[in-house]
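Visitor: This is structure.cif, which holds mmCIF, C-alpha atoms:
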data_my_file
#
loop_
_atom_site.label_atom_id
_atom_site.label_comp_id
_atom_site.auth_asym_id
_atom_site.auth_seq_id
_atom_site.Cartn_x
_atom_site.Cartn_y
_atom_site.Cartn_z
CA MET A 1 7.93 21.68 -23.86
CA ILE A 2 7.84 22.61 -20.18
CA LEU A 3 5.49 19.77 -19.23
CA ASP A 4 8.07 17.29 -20.50
CA GLN A 5 10.38 18.44 -17.70
CA PHE A 6 7.98 16.92 -15.18
CA LYS A 7 7.97 13.46 -16.75
CA LEU A 8 9.66 10.64 -14.84
CA ASP A 9 9.67 8.05 -17.60
CA GLY A 10 12.42 5.48 -17.11
CA LYS A 11 13.20 6.62 -13.55
CA VAL A 12 13.31 4.35 -10.50
CA ALA A 13 12.02 5.80 -7.24
CA ILE A 14 12.32 4.44 -3.71
CA VAL A 15 9.50 5.63 -1.44
CA THR A 16 9.71 4.75 2.25
CA GLY A 17 6.66 4.48 4.46
CA SER A 18 4.57 3.77 1.39
CA SER A 19 2.04 1.22 2.59
CA ARG A 20 -0.61 3.90 3.12
CA GLY A 21 -1.25 7.60 3.70
CA LEU A 22 1.17 10.19 2.43
CA GLY A 23 3.72 7.62 1.27
CA GLN A 24 1.17 5.77 -0.82
CA GLY A 25 -0.04 9.04 -2.31
CA ILE A 26 3.49 10.11 -3.20
CA ALA A 27 4.29 6.72 -4.75
CA LEU A 28 1.17 6.92 -6.91
CA GLY A 29 1.97 10.48 -7.98
CA LEU A 30 5.48 9.48 -9.06
CA ALA A 31 4.10 6.43 -10.85
CA GLU A 32 1.54 8.52 -12.71
CA ALA A 33 4.43 10.73 -13.86
CA GLY A 34 6.16 7.64 -15.28
CA ALA A 35 8.45 6.30 -12.55
CA ASP A 36 8.82 2.67 -11.53
CA ILE A 37 8.50 2.31 -7.77
CA ALA A 38 10.29 0.46 -4.98
CA LEU A 39 7.94 0.56 -2.01
CA VAL A 40 9.50 0.30 1.45
CA ASP A 41 7.62 -0.33 4.70
CA ILE A 42 7.34 -2.73 7.62
CA LEU A 43 3.58 -2.94 7.01
CA ASP A 44 1.76 -4.77 4.24
CA MET A 45 2.21 -2.99 0.91
CA ALA A 46 -0.11 -5.11 -1.23
CA GLU A 47 -2.61 -2.30 -1.76
CA SER A 48 0.02 0.24 -2.77
CA LYS A 49 1.72 -2.27 -5.07
CA ALA A 50 -1.55 -3.12 -6.81
CA LYS A 51 -2.35 0.57 -7.32
CA VAL A 52 1.08 1.32 -8.80
CA GLU A 53 0.92 -1.68 -11.11
CA ALA A 54 -2.57 -0.65 -12.22
CA LEU A 55 -0.91 2.47 -13.62
CA GLY A 56 1.30 0.28 -15.80
CA ARG A 57 4.46 0.82 -13.77
CA LYS A 58 6.87 -1.79 -12.46
CA CYS A 59 6.72 -2.07 -8.68
CA ILE A 60 8.51 -4.04 -5.98
CA ALA A 61 7.74 -4.13 -2.26
CA ILE A 62 10.67 -4.23 0.16
CA THR A 63 9.85 -5.13 3.74
CA ALA A 64 12.26 -3.31 6.02
CA ASP A 65 12.38 -2.11 9.62
CA LEU A 66 13.58 1.47 9.29
CA SER A 67 14.29 1.70 13.00
CA LYS A 68 17.41 -0.36 12.24
CA LYS A 69 20.36 0.80 10.14
CA GLU A 70 20.72 -2.73 8.75
CA SER A 71 17.62 -2.10 6.65
CA VAL A 72 19.63 0.23 4.41
CA ASP A 73 21.59 -2.53 2.67
CA THR A 74 18.40 -4.52 2.14
CA ILE A 75 16.71 -1.57 0.44
CA ILE A 76 19.67 -0.63 -1.78
CA ASN A 77 20.50 -4.17 -2.85
CA ALA A 78 16.91 -5.13 -3.66
CA THR A 79 16.27 -1.97 -5.67
CA VAL A 80 19.48 -2.15 -7.69
CA GLU A 81 19.17 -5.88 -8.35
CA GLN A 82 15.49 -5.85 -9.32
CA MET A 83 15.09 -2.37 -10.83
CA GLY A 84 18.54 -1.73 -12.29
CA GLY A 85 19.46 1.42 -10.36
CA ILE A 86 18.14 4.33 -8.29
CA ASP A 87 17.15 7.77 -9.60
CA ILE A 88 14.90 9.09 -6.83
CA LEU A 89 14.79 8.54 -3.08
CA PHE A 90 11.77 9.78 -1.16
CA ASN A 91 12.45 9.60 2.59
CA ASN A 92 8.84 9.68 3.72
CA ALA A 93 8.70 7.17 6.60
CA GLY A 94 8.14 8.67 10.02
CA ILE A 95 6.50 8.04 13.37
CA ILE A 96 5.32 10.23 16.24
CA ARG A 97 4.95 9.79 20.00
CA ARG A 98 2.92 12.16 22.20
CA ALA A 99 3.42 12.96 25.89
CA PRO A 100 4.28 15.97 28.07
CA ILE A 101 8.04 16.50 28.39
CA THR A 102 7.89 15.62 32.08
CA GLU A 103 6.60 12.16 31.15
CA PHE A 104 8.35 11.52 27.84
CA THR A 105 10.27 8.23 27.86
CA GLU A 106 13.69 7.32 26.53
CA LYS A 107 12.11 4.66 24.32
CA ASP A 108 9.72 7.16 22.74
CA TRP A 109 12.67 9.46 22.09
CA ASP A 110 14.83 6.75 20.54
CA ASP A 111 12.07 5.13 18.47
CA VAL A 112 11.19 8.41 16.77
CA MET A 113 14.76 9.60 16.25
CA ASN A 114 15.89 6.26 14.82
CA ILE A 115 13.27 6.25 12.07
CA ASN A 116 12.77 9.96 11.43
CA ILE A 117 16.40 11.06 11.19
CA ARG A 118 19.02 8.36 11.91
CA THR A 119 18.05 5.84 9.23
CA LEU A 120 16.97 8.68 6.94
CA PHE A 121 20.58 9.89 6.97
CA PHE A 122 22.16 6.49 6.43
CA LEU A 123 19.73 5.62 3.62
CA SER A 124 20.44 8.99 1.97
CA GLN A 125 24.16 8.36 2.37
CA ALA A 126 23.91 4.95 0.70
CA VAL A 127 21.66 6.18 -2.10
CA GLY A 128 23.98 9.13 -2.65
CA LYS A 129 26.91 6.74 -3.09
CA GLN A 130 24.87 4.66 -5.54
CA MET A 131 23.87 7.73 -7.54
CA ILE A 132 27.46 8.96 -7.70
CA GLU A 133 28.57 5.55 -8.92
CA GLN A 134 25.85 5.51 -11.58
CA GLY A 135 27.01 8.93 -12.79
CA ARG A 136 23.62 10.24 -13.88
CA GLY A 137 22.66 12.38 -10.92
CA GLY A 138 19.44 11.97 -9.00
CA LYS A 139 16.88 13.41 -6.61
CA ILE A 140 16.51 12.95 -2.86
CA VAL A 141 13.36 14.33 -1.26
CA ASN A 142 12.72 14.25 2.49
CA THR A 143 9.43 14.60 4.33
CA ALA A 144 9.82 17.38 6.87
CA SER A 145 6.93 18.89 8.88
CA MET A 146 5.34 22.05 10.20
CA LEU A 147 7.40 21.20 13.29
CA SER A 148 10.54 21.76 11.23
CA PHE A 149 9.52 25.42 11.62
CA GLN A 150 7.66 25.41 14.93
CA GLY A 151 8.01 23.90 18.40
CA GLY A 152 4.68 22.23 18.93
CA ILE A 153 3.62 20.62 22.21
CA PHE A 154 3.83 17.06 23.59
CA VAL A 155 6.02 15.82 20.70
CA PRO A 156 9.64 16.56 21.69
CA SER A 157 11.32 13.80 19.68
CA TYR A 158 9.16 14.48 16.62
CA THR A 159 9.97 18.20 16.71
CA ALA A 160 13.67 17.47 17.20
CA SER A 161 13.75 14.94 14.37
CA LYS A 162 11.83 17.08 11.88
CA SER A 163 13.93 20.14 12.66
CA ALA A 164 16.93 17.93 11.96
CA VAL A 165 15.41 16.80 8.66
CA MET A 166 15.32 20.39 7.41
CA GLY A 167 18.91 21.01 8.47
CA LEU A 168 20.17 17.73 7.04
CA THR A 169 18.41 18.48 3.76
CA ARG A 170 20.60 21.58 3.44
CA LEU A 171 23.76 19.67 4.36
CA LEU A 172 23.07 16.89 1.85
CA ALA A 173 22.35 19.46 -0.86
CA ASN A 174 25.66 21.19 -0.14
CA GLU A 175 27.68 17.99 -0.45
CA LEU A 176 25.81 16.15 -3.19
CA GLY A 177 25.05 19.08 -5.48
CA ALA A 178 28.43 18.75 -7.20
CA HIS A 179 27.34 15.28 -8.35
CA ASN A 180 24.13 16.57 -9.98
CA ILE A 181 22.07 15.24 -7.08
CA ASN A 182 19.32 17.56 -5.85
CA VAL A 183 18.19 17.30 -2.23
CA ASN A 184 15.05 19.08 -1.05
CA ALA A 185 12.19 18.50 1.37
CA ILE A 186 8.43 18.79 1.63
CA ALA A 187 6.85 19.98 4.88
CA PRO A 188 3.25 18.75 4.91
CA GLY A 189 0.77 20.72 6.94
CA TYR A 190 -1.96 19.09 8.98
CA MET A 191 -2.82 16.00 6.97
CA ALA A 192 -5.62 13.51 7.47
CA THR A 193 -3.42 10.48 8.25
CA ASP A 194 -2.99 7.97 11.06
CA ASN A 195 -0.46 10.30 12.73
CA THR A 196 -3.17 12.96 13.21
CA LYS A 197 -6.08 10.69 14.07
CA ALA A 198 -6.02 11.68 17.75
CA LEU A 199 -6.02 15.37 16.88
CA ARG A 200 -8.90 15.05 14.45
CA GLU A 201 -10.97 13.12 16.98
CA ASP A 202 -10.41 15.81 19.64
CA LYS A 203 -13.19 18.28 18.81
CA ALA A 204 -11.53 21.27 20.45
CA ARG A 205 -8.11 20.63 18.87
CA ASN A 206 -9.65 19.85 15.50
CA LYS A 207 -11.56 23.15 15.51
CA ALA A 208 -8.52 25.14 16.65
CA ILE A 209 -6.42 23.67 13.84
CA LEU A 210 -9.02 24.20 11.13
CA ASP A 211 -9.67 27.75 12.29
CA ARG A 212 -6.02 28.60 11.59
CA ILE A 213 -5.75 26.96 8.16
CA PRO A 214 -6.76 29.45 5.42
CA ALA A 215 -7.74 26.55 3.15
CA GLY A 216 -10.23 25.49 5.83
CA ARG A 217 -9.56 21.76 5.66
CA TRP A 218 -7.10 19.01 6.51
CA GLY A 219 -4.73 18.07 3.72
CA THR A 220 -4.80 14.79 1.81
CA PRO A 221 -2.09 12.60 0.26
CA GLU A 222 -3.15 13.89 -3.15
CA ASP A 223 -2.22 17.42 -2.08
CA LEU A 224 1.45 16.38 -2.00
CA GLN A 225 1.59 14.70 -5.39
CA GLY A 226 2.26 17.81 -7.48
CA VAL A 227 5.18 19.07 -5.43
CA ALA A 228 6.54 15.53 -5.05
CA VAL A 229 6.65 15.05 -8.83
CA PHE A 230 8.17 18.52 -9.26
CA LEU A 231 11.03 17.91 -6.82
CA ALA A 232 11.69 14.48 -8.33
CA SER A 233 11.81 15.81 -11.87
CA ALA A 234 14.11 17.80 -14.15
CA ALA A 235 11.86 20.81 -13.54
CA ALA A 236 13.56 21.13 -10.14
CA ASP A 237 17.16 20.85 -11.38
CA TYR A 238 18.06 24.24 -9.87
CA MET A 239 16.32 23.59 -6.54
CA GLN A 240 18.75 22.70 -3.75
CA GLY A 241 18.43 22.42 0.01
CA TYR A 242 14.96 23.94 0.28
CA THR A 243 11.99 22.82 2.35
CA ILE A 244 8.63 23.55 0.72
CA ALA A 245 5.59 23.85 2.98
CA VAL A 246 2.38 22.34 1.63
CA ASP A 247 0.15 23.41 4.47
CA GLY A 248 -3.01 25.11 3.25
CA GLY A 249 -1.56 28.40 4.44
CA TRP A 250 -0.87 27.37 8.08
CA LEU A 251 2.51 29.12 8.26
CA ALA A 252 1.13 32.26 6.62
CA ARG A 253 -1.22 32.83 9.57
#
Would it be possible to restate this file's structure as structure tokens?

Guide:
Amino acid sequence: MILDQFKLDGKVAIVTGSSRGLGQGIALGLAEAGADIALVDILDMAESKAKVEALGRKCIAITADLSKKESVDTIINATVEQMGGIDILFNNAGIIRRAPITEFTEKDWDDVMNINIRTLFFLSQAVGKQMIEQGRGGKIVNTASMLSFQGGIFVPSYTASKSAVMGLTRLLANELGAHNINVNAIAPGYMATDNTKALREDKARNKAILDRIPAGRWGTPEDLQGVAVFLASAAADYMQGYTIAVDGGWLAR
């Protein structure tokens, strides 16, 4: 039956940036589909952990600073030791800094790039090695952005990092596909999260954004759950290197 292809029973999924917002929503979607979850964040994950466990899934919380490459070993070792292996990696963690390019600082550049693309690569590299060693394939899903497709304003490091996420998704798919590892990405549209709080509170910007979205509303974490489960499941076994926009129609305008 086709719906069986979407089941994640017996799978172990790492979800970064999963203390709240989109990461929490993705973790819950994967858990509802049957996966056990390794949450990763530098913030408190108690709420996410309780929600996953309420669904009857096993869940661990790994505190890690994703601005540092050293966090990779912590994440891999804890997941393998406590969960028995890794089947799905969801690189969701990301930060944003806003300022005109004439005022943008080196720190704001480095902070964003370190989390959004540098550690994303090294974690994907390590998980890829683990999946190859396990010999049962796997799924890696990255969180891209509308700014993987567009330039934006006042967010140079975010645009650069998310453009890199889309390109790296293709590269990883090219190299890992031979090992039955699928690598794809989701590009969320304008979502009601902490990252967009300033935009939503700016009446003029909020109206301009909503006027362009055919769906007429900001997205929610729940809007990503369906595509997240799809890309993490056997239903997406022939999907490789693609970035799917979940944007309420923003890019169609």

Visitor: Using the chain letters and numbering of this document, enumerate as a ChimeraX atom specification the residues selected by the PyMOL selection byres ((chain A and resi 221) around 8).

Guide: /A:21-26,191,219-220,222-225

Visitor: Find the nearest atom pair between each residue of segment 125-151 of chain A and segment 244-251 of chain A for residues within 12 Å, count all atoms listed in the file, give distances in Å to one decimal, sort rows by chain and ascending number, and present the table as JSON lines.

Guide:
{"residue": "A:Val141", "atom": "CA", "partner": "A:Ile244", "partner_atom": "CA", "distance": 10.5}
{"residue": "A:Asn142", "atom": "CA", "partner": "A:Ile244", "partner_atom": "CA", "distance": 10.3}
{"residue": "A:Thr143", "atom": "CA", "partner": "A:Ile244", "partner_atom": "CA", "distance": 9.7}
{"residue": "A:Ala144", "atom": "CA", "partner": "A:Ala245", "partner_atom": "CA", "distance": 8.7}
{"residue": "A:Ser145", "atom": "CA", "partner": "A:Ala245", "partner_atom": "CA", "distance": 7.8}
{"residue": "A:Met146", "atom": "CA", "partner": "A:Ala245", "partner_atom": "CA", "distance": 7.4}
{"residue": "A:Leu147", "atom": "CA", "partner": "A:Leu251", "partner_atom": "CA", "distance": 10.6}
{"residue": "A:Ser148", "atom": "CA", "partner": "A:Ala245", "partner_atom": "CA", "distance": 9.8}
{"residue": "A:Phe149", "atom": "CA", "partner": "A:Leu251", "partner_atom": "CA", "distance": 8.6}
{"residue": "A:Gln150", "atom": "CA", "partner": "A:Leu251", "partner_atom": "CA", "distance": 9.2}

Visitor: Each residue of segment 78-101 of chain A with at least one atom at most 10 Å from segment 43-65 of chain A should appear once, together with its nearest atom pair and the corresponding distance in Å (one decimal); atoms considered: only C-alpha atoms; ordering: chain, then increasing residue number; output as a Markdown table.

Guide:
| residue | atom | partner | partner_atom | distance |
| --- | --- | --- | --- | --- |
| A:Ala78 | CA | A:Ile62 | CA | 7.4 |
| A:Thr79 | CA | A:Ile60 | CA | 8.0 |
| A:Gln82 | CA | A:Ile60 | CA | 7.9 |
| A:Met83 | CA | A:Ile60 | CA | 8.3 |

Visitor: Taking the file as shown, find all residues satisfying the PyMOL selection byres ((chain A and resi 14) around 8) and write them as a ChimeraX atom specification.

Guide: /A:12-13,15-16,37-40,79,86,88-90

Visitor: So that I have them on file, write out the residues from the current selection with C-alpha atoms, as a compact mmCIF listing (two decimals), in the coordinates of the input.

Guide:
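The file below, part-v2.txt, is the result:
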# COMPACT_ATOMS: atom_id res chain seq x y z
CA VAL A 12 13.31 4.35 -10.50
CA ALA A 13 12.02 5.80 -7.24
CA VAL A 15 9.50 5.63 -1.44
CA THR A 16 9.71 4.75 2.25
CA ILE A 37 8.50 2.31 -7.77
CA ALA A 38 10.29 0.46 -4.98
CA LEU A 39 7.94 0.56 -2.01
CA VAL A 40 9.50 0.30 1.45
CA THR A 79 16.27 -1.97 -5.67
CA ILE A 86 18.14 4.33 -8.29
CA ILE A 88 14.90 9.09 -6.83
CA LEU A 89 14.79 8.54 -3.08
CA PHE A 90 11.77 9.78 -1.16

Visitor: Step by step, work through what the PyMOL selection byres ((chain A and resi 100-113) around 6) selects in the shown file, and finish by giving those residues as a PDB file with C-alpha atoms, in the frame of the given file.

Guide:
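Ended up saving to out39.pdb:
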ATOM      1  CA  ILE A  95       6.500   8.040  13.370  1.00  0.00           C
ATOM      2  CA  ALA A  99       3.420  12.960  25.890  1.00  0.00           C
ATOM      3  CA  ASN A 114      15.890   6.260  14.820  1.00  0.00           C
ATOM      4  CA  ILE A 115      13.270   6.250  12.070  1.00  0.00           C
ATOM      5  CA  ASN A 116      12.770   9.960  11.430  1.00  0.00           C
ATOM      6  CA  ILE A 117      16.400  11.060  11.190  1.00  0.00           C
ATOM      7  CA  PHE A 154       3.830  17.060  23.590  1.00  0.00           C
ATOM      8  CA  SER A 157      11.320  13.800  19.680  1.00  0.00           C
ATOM      9  CA  SER A 161      13.750  14.940  14.370  1.00  0.00           C
TER      10      SER A 161
END

Visitor: For each of A:Ala126, A:Ile209, A:Ile132, A:Val183, take the minimum atom-to-atom distance to Ser233 of chain A, counting all atoms listed in the file, then give the residue where this is smallest.

Guide: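 Closest residue, counting all atoms listed in the file: A:Val183.
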
Visitor: Given the choices A:Lys7, A:Arg253, A:Lys68, A:Lys139, which gets closest to Gly29 of chain A if the distance is worked out from only C-alpha atoms?

Guide: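 Under the stated criterion, the closest residue is A:Lys7.
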
Visitor: To one decimal in Å, tell me the separation between atom CA of Ser124 of chain A and atom CA of Ile75 of chain A.

Guide: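 If I compute the distance from atom CA of Ser124 of chain A to atom CA of Ile75 of chain A, I get 11.3 Å.
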
Visitor: Between atom CA of Ala228 of chain A and atom CA of Tyr242 of chain A, what is the spacing in Å?

Guide: 13.0 Å

Visitor: In terms of the shortest atom-to-atom distance over all atoms listed in the file, which of A:Lys129, A:Gly241, A:Gly152, A:Glu70 is closest to Thr169 of chain A?

Guide: A:Gly241
